[in-house]
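What's in work.csv: CSV, C-alpha atoms
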chain,number,residue,atom,x,y,z
Z,1,MET,CA,4.9,14.9,-22.7
Z,2,HIS,CA,1.9,12.8,-21.9
Z,3,TYR,CA,1.4,11.1,-18.5
Z,4,ARG,CA,-1.4,8.7,-19.5
Z,5,LEU,CA,-1.8,5.5,-17.6
Z,6,ASN,CA,-2.4,2.3,-19.5
Z,7,PRO,CA,-3.3,-0.2,-16.7
Z,8,VAL,CA,-2.6,-3.9,-17.1
Z,9,TYR,CA,-5.0,-5.8,-14.8
Z,10,ILE,CA,-4.1,-8.9,-12.9
Z,11,TYR,CA,-7.2,-10.5,-11.7
Z,12,PRO,CA,-7.4,-12.1,-8.2
Z,13,ASN,CA,-8.5,-15.6,-7.5
Z,14,TYR,CA,-12.1,-16.1,-6.7
Z,15,ASN,CA,-13.6,-18.4,-4.1
Z,16,GLU,CA,-16.9,-19.7,-5.5
Z,17,LYS,CA,-18.1,-21.1,-2.2
Z,18,HIS,CA,-17.7,-17.8,-0.3
Z,19,HIS,CA,-18.1,-15.5,-3.3
Z,20,VAL,CA,-15.0,-13.5,-2.4
Z,21,MET,CA,-11.8,-12.6,-4.1
Z,22,THR,CA,-8.9,-14.3,-2.4
Z,23,GLY,CA,-5.8,-12.5,-3.5
Z,24,ILE,CA,-3.3,-12.2,-6.3
Z,25,ASP,CA,-0.9,-15.0,-7.1
Z,26,PRO,CA,2.8,-14.0,-7.2
Z,27,GLU,CA,3.2,-16.1,-10.4
Z,28,ASP,CA,0.6,-13.9,-12.1
Z,29,VAL,CA,2.6,-10.8,-11.2
Z,30,ASP,CA,5.8,-12.3,-12.5
Z,31,GLU,CA,4.1,-13.3,-15.8
Z,32,ALA,CA,2.6,-9.9,-16.3
Z,33,LEU,CA,5.9,-8.1,-15.7
Z,34,SER,CA,7.8,-10.6,-17.9
Z,35,LYS,CA,5.4,-10.0,-20.8
Z,36,ASP,CA,5.1,-6.2,-20.6
Z,37,LYS,CA,8.3,-4.3,-20.1
Z,38,ASP,CA,6.3,-1.0,-20.2
Z,39,ILE,CA,4.8,-1.7,-16.7
Z,40,LYS,CA,6.4,0.8,-14.3
Z,41,ALA,CA,4.7,-0.1,-11.1
Z,42,VAL,CA,2.5,-2.7,-9.5
Z,43,VAL,CA,-0.4,-1.3,-7.4
Z,44,LEU,CA,-2.1,-3.7,-4.9
Z,45,THR,CA,-4.7,-3.5,-2.2
Z,46,TYR,CA,-3.4,-5.3,1.0
Z,47,PRO,CA,-5.4,-6.4,2.9
Z,48,THR,CA,-8.6,-6.2,1.0
Z,49,TYR,CA,-11.8,-4.9,2.5
Z,50,TYR,CA,-12.5,-8.5,3.6
Z,51,GLY,CA,-9.1,-8.9,5.2
Z,52,VAL,CA,-7.6,-11.1,2.5
Z,53,CYS,CA,-3.8,-10.7,2.3
Z,54,SER,CA,-1.9,-11.8,-0.8
Z,55,ASP,CA,1.7,-13.2,-0.5
Z,56,LEU,CA,3.0,-9.6,-0.5
Z,57,GLU,CA,6.6,-10.5,0.4
Z,58,SER,CA,6.9,-12.8,-2.6
Z,59,ILE,CA,5.2,-10.2,-4.8
Z,60,ALA,CA,7.6,-7.5,-3.6
Z,61,ASN,CA,10.6,-9.8,-4.4
Z,62,ILE,CA,9.2,-10.4,-7.9
Z,63,VAL,CA,8.5,-6.7,-8.6
Z,64,HIS,CA,12.0,-5.8,-7.5
Z,65,LYS,CA,13.5,-8.6,-9.5
Z,66,HIS,CA,12.0,-6.9,-12.5
Z,67,ASN,CA,13.3,-3.5,-11.3
Z,68,ARG,CA,9.8,-2.1,-10.9
Z,69,ILE,CA,8.0,-0.3,-8.0
Z,70,LEU,CA,5.5,-1.8,-5.6
Z,71,MET,CA,2.8,0.6,-4.4
Z,72,VAL,CA,0.4,-0.7,-1.8
Z,73,ASP,CA,-3.0,0.6,-0.8
Z,74,GLU,CA,-3.0,-0.6,2.8
Z,75,ALA,CA,-6.1,1.4,3.7
Z,76,HIS,CA,-7.5,-1.3,5.9
Z,77,GLY,CA,-4.1,-2.3,7.4
Z,78,PRO,CA,-2.3,0.4,9.2
Z,79,HIS,CA,-2.9,-1.5,12.5
Z,80,MET,CA,-0.9,-4.5,11.2
Z,81,THR,CA,2.5,-3.0,12.0
Z,82,PHE,CA,1.5,-2.9,15.7
Z,83,SER,CA,1.0,-6.7,16.2
Z,84,ASP,CA,3.0,-9.8,15.6
Z,85,SER,CA,-0.3,-11.8,15.5
Z,86,LEU,CA,-1.3,-10.1,12.3
Z,87,PRO,CA,0.1,-10.5,8.8
Z,88,LYS,CA,3.3,-8.4,8.1
Z,89,SER,CA,2.7,-4.8,7.1
Z,90,ALA,CA,3.3,-3.8,3.5
Z,91,LEU,CA,6.4,-1.9,4.5
Z,92,ALA,CA,7.8,-5.0,6.3
Z,93,CYS,CA,7.1,-7.0,3.2
Z,94,GLY,CA,9.2,-4.6,1.0
Z,95,ALA,CA,6.7,-2.2,-0.5
Z,96,ASP,CA,8.2,0.9,-2.0
Z,97,ILE,CA,5.2,3.2,-1.3
Z,98,VAL,CA,2.4,2.5,1.1
Z,99,ILE,CA,-0.8,4.5,1.6
Z,100,HIS,CA,-2.7,4.2,4.9
Z,101,SER,CA,-6.2,5.4,5.6
Z,102,THR,CA,-5.5,5.8,9.3
Z,103,HIS,CA,-9.2,6.6,10.1
Z,104,LYS,CA,-10.3,3.1,9.1
Z,105,THR,CA,-8.5,1.0,11.7
Z,106,LEU,CA,-6.6,3.4,13.9
Z,107,PRO,CA,-8.1,5.8,16.4
Z,108,SER,CA,-7.7,8.8,14.1
Z,109,PHE,CA,-10.1,11.4,12.7
Z,110,THR,CA,-12.2,10.6,9.7
Z,111,GLN,CA,-10.4,11.5,6.4
Z,112,THR,CA,-6.9,11.1,7.8
Z,113,SER,CA,-4.3,9.1,5.9
Z,114,MET,CA,-0.6,8.8,5.5
Z,115,ILE,CA,1.8,8.0,2.7
Z,116,HIS,CA,5.1,6.1,3.5
Z,117,VAL,CA,8.2,5.7,1.4
Z,118,GLY,CA,9.7,2.3,2.0
Z,119,SER,CA,12.8,2.2,-0.3
Z,120,ASP,CA,15.3,4.3,-2.1
Z,121,ARG,CA,13.6,3.3,-5.4
Z,122,ILE,CA,11.4,6.3,-4.9
Z,123,ASP,CA,12.5,9.7,-5.8
Z,124,VAL,CA,11.2,11.6,-2.8
Z,125,ASN,CA,11.5,15.0,-4.4
Z,126,LYS,CA,9.5,13.9,-7.4
Z,127,LEU,CA,6.9,12.3,-5.1
Z,128,ARG,CA,6.7,15.5,-3.1
Z,129,ASP,CA,6.2,17.6,-6.3
Z,130,ARG,CA,3.4,15.3,-7.5
Z,131,PHE,CA,1.8,15.2,-4.0
Z,132,GLN,CA,1.7,19.0,-3.9
Z,133,LEU,CA,-0.3,19.0,-7.1
Z,134,TYR,CA,-3.2,17.2,-5.4
Z,135,THR,CA,-3.1,18.3,-1.8
Z,136,THR,CA,-4.1,21.4,-0.1
Z,137,THR,CA,-1.8,24.4,0.7
Z,138,SER,CA,-3.6,24.7,4.0
Z,139,PRO,CA,-3.4,21.4,5.8
Z,140,SER,CA,-5.4,20.6,8.9
Z,141,TYR,CA,-3.1,20.5,11.8
Z,142,LEU,CA,-5.8,18.7,13.8
Z,143,PHE,CA,-5.7,15.9,11.2
Z,144,ILE,CA,-1.9,15.8,11.3
Z,145,ALA,CA,-2.0,15.7,15.1
Z,146,SER,CA,-4.7,13.0,15.0
Z,147,ASN,CA,-2.4,10.8,12.9
Z,148,GLU,CA,0.5,11.3,15.3
Z,149,ILE,CA,-1.6,10.7,18.4
Z,150,ALA,CA,-3.2,7.5,16.9
Z,151,THR,CA,0.2,6.0,16.0
Z,152,ALA,CA,1.7,6.9,19.4
Z,153,TYR,CA,-1.3,5.4,21.1
Z,154,MET,CA,-1.0,2.1,19.1
Z,155,ALA,CA,2.7,1.9,19.8
Z,156,THR,CA,2.2,2.3,23.6
Z,157,LYS,CA,-0.7,-0.3,23.7
Z,158,ASN,CA,1.4,-3.0,22.1
Z,159,LYS,CA,4.2,-2.9,24.7
Could you spell out this file's structure in structure tokens?
Amino acid sequence: MHYRLNPVYIYPNYNEKHHVMTGIDPEDVDEALSKDKDIKAVVLTYPTYYGVCSDLESIANIVHKHNRILMVDEAHGPHMTFSDSLPKSALACGADIVIHSTHKTLPSFTQTSMIHVGSDRIDVNKLRDRFQLYTTTSPSYLFIASNEIATAYMATKNK
């Protein structure tokens, strides 16, 4: 059995004036999923390094309409869940899997991150098995505690 990825790229819009990518159109996601039934998951970055947020809630609805999985790299967005003044977090928008680099925008140690499962579309046992292929058998409890302290701190600062 081969587990080779065959990516299908959906290119973001480009703002000529500011020379920056401005996000993915939900219609482009719908078109790609309608054309290619072999696509299993949609993987997006939200927000981008420059803070650009695509219409993730619409994209999530489209992905789920096609019975696919939405995985979001929210490396620069773990702080968004702690404020109503910011765009909705990927989990709140309906993402199935979200990866946070907590060290980028939360007060957590460098190299810390989290993976979140946001729906029952994800086989948690399969995810755990795959995760164990790539992670250490000797986790840093300082890193784990750092993530917990960072999220607890953010939760108390927003009250």
Check your understanding: Residues at most 8 Å from Lys40 (chain Z), counting all atoms listed in the file, excluding those fewer than 2 positions away in the same chain, as a PyMOL selection string?
Key -> chain Z and resi 37-38+42+68-69
Practice item. Would you list the residues near (2.3, 9.6, 1.1) (no more than 9 Å away, in the coordinates of the file, using only C-alpha atoms) as an MDAnalysis selection string? Key: chainID Z and resid 97:100 113:117 127:128 131
Using only C-alpha atoms, which protein or nucleic acid residues come within 12 Å of Leu86 (chain Z)? Drop anything in the same chain fewer than 5 positions from it, and give the result as an mmCIF file with C-alpha atoms, keeping the file's coordinate frame.
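This went into out-v9.cif:
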data_model
loop_
_atom_site.group_PDB
_atom_site.id
_atom_site.type_symbol
_atom_site.label_atom_id
_atom_site.label_comp_id
_atom_site.auth_asym_id
_atom_site.auth_seq_id
_atom_site.Cartn_x
_atom_site.Cartn_y
_atom_site.Cartn_z
ATOM 1 C CA PRO Z 47 -5.400 -6.400 2.900
ATOM 2 C CA GLY Z 51 -9.100 -8.900 5.200
ATOM 3 C CA VAL Z 52 -7.600 -11.100 2.500
ATOM 4 C CA CYS Z 53 -3.800 -10.700 2.300
ATOM 5 C CA GLY Z 77 -4.100 -2.300 7.400
ATOM 6 C CA PRO Z 78 -2.300 0.400 9.200
ATOM 7 C CA HIS Z 79 -2.900 -1.500 12.500
ATOM 8 C CA MET Z 80 -0.900 -4.500 11.200
ATOM 9 C CA THR Z 81 2.500 -3.000 12.000
#
**Study point:** Interatomic distance (Å, one decimal) between CA of Pro107 (chain Z) and CA of Glu57 (chain Z)
**Key:**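 Spanning CA of Pro107 (chain Z) to CA of Glu57 (chain Z) is a straight-line distance of 27.2 Å.
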For the interface of region 37-134 of chain Z with region 141-155 of chain Z (cut-off 7 Å, counting only C-alpha atoms), please tabulate each contacting residue of region 37-134 of chain Z alongside its nearest pair of atoms and their separation in Å to one decimal, rows sorted by chain and increasing number, as a Markdown table.
| residue | atom | partner | partner_atom | distance |
| --- | --- | --- | --- | --- |
| Z:Phe82 | CA | Z:Ala155 | CA | 6.4 |
| Z:Thr102 | CA | Z:Asn147 | CA | 6.9 |
| Z:Leu106 | CA | Z:Ala150 | CA | 6.1 |
| Z:Pro107 | CA | Z:Ala150 | CA | 5.2 |
| Z:Ser108 | CA | Z:Ser146 | CA | 5.2 |
| Z:Phe109 | CA | Z:Ser146 | CA | 6.1 |
| Z:Thr112 | CA | Z:Phe143 | CA | 6.0 |
Practice item. Tell me which of Z:Leu56, Z:Val20, Z:Leu70, Z:Val63 sits closest to Ser34 (chain Z), counting all atoms listed in the file. Key: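 Using all atoms listed in the file, Ser34 (chain Z) sits closest to Z:Val63.
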Check your understanding: From the set Z:Arg121, Z:Val43, Z:Asn15, Z:Thr136, which residue has the shortest atom-to-atom contact distance to His64 (chain Z), counting all atoms listed in the file?
Key ->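 Nearest candidate to His64 (chain Z) out of Z:Arg121, Z:Val43, Z:Asn15, Z:Thr136: Z:Arg121.
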Exercise for review: Work out how far CA of Gly94 (chain Z) is from CA of Val29 (chain Z), in Å to one decimal.
Suggested key: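 Atom-to-atom, CA of Val29 (chain Z) and CA of Gly94 (chain Z) are spaced 15.2 Å apart.
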Review point. Rounded to one decimal in Å, what is the spacing between CA of Tyr49 (chain Z) and CA of Asp120 (chain Z)?
Key: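 Between CA of Tyr49 (chain Z) and CA of Asp120 (chain Z) the gap is 29.0 Å.
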Point to revise | Non-local contacts of Ile10 (chain Z) (8 Å; only C-alpha atoms; under 6 positions in same chain excluded) as a VMD selection string | key: chain Z and resid 24 28 to 29 32
Check your understanding: Of the candidates Z:Met21, Z:Ile59, Z:Ala95, Z:Leu5, which one gets nearest to Ile39 (chain Z) if we count only C-alpha atoms?
Key ->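 Of Z:Met21, Z:Ile59, Z:Ala95, Z:Leu5, the one nearest Ile39 (chain Z) is Z:Leu5, counting only C-alpha atoms.
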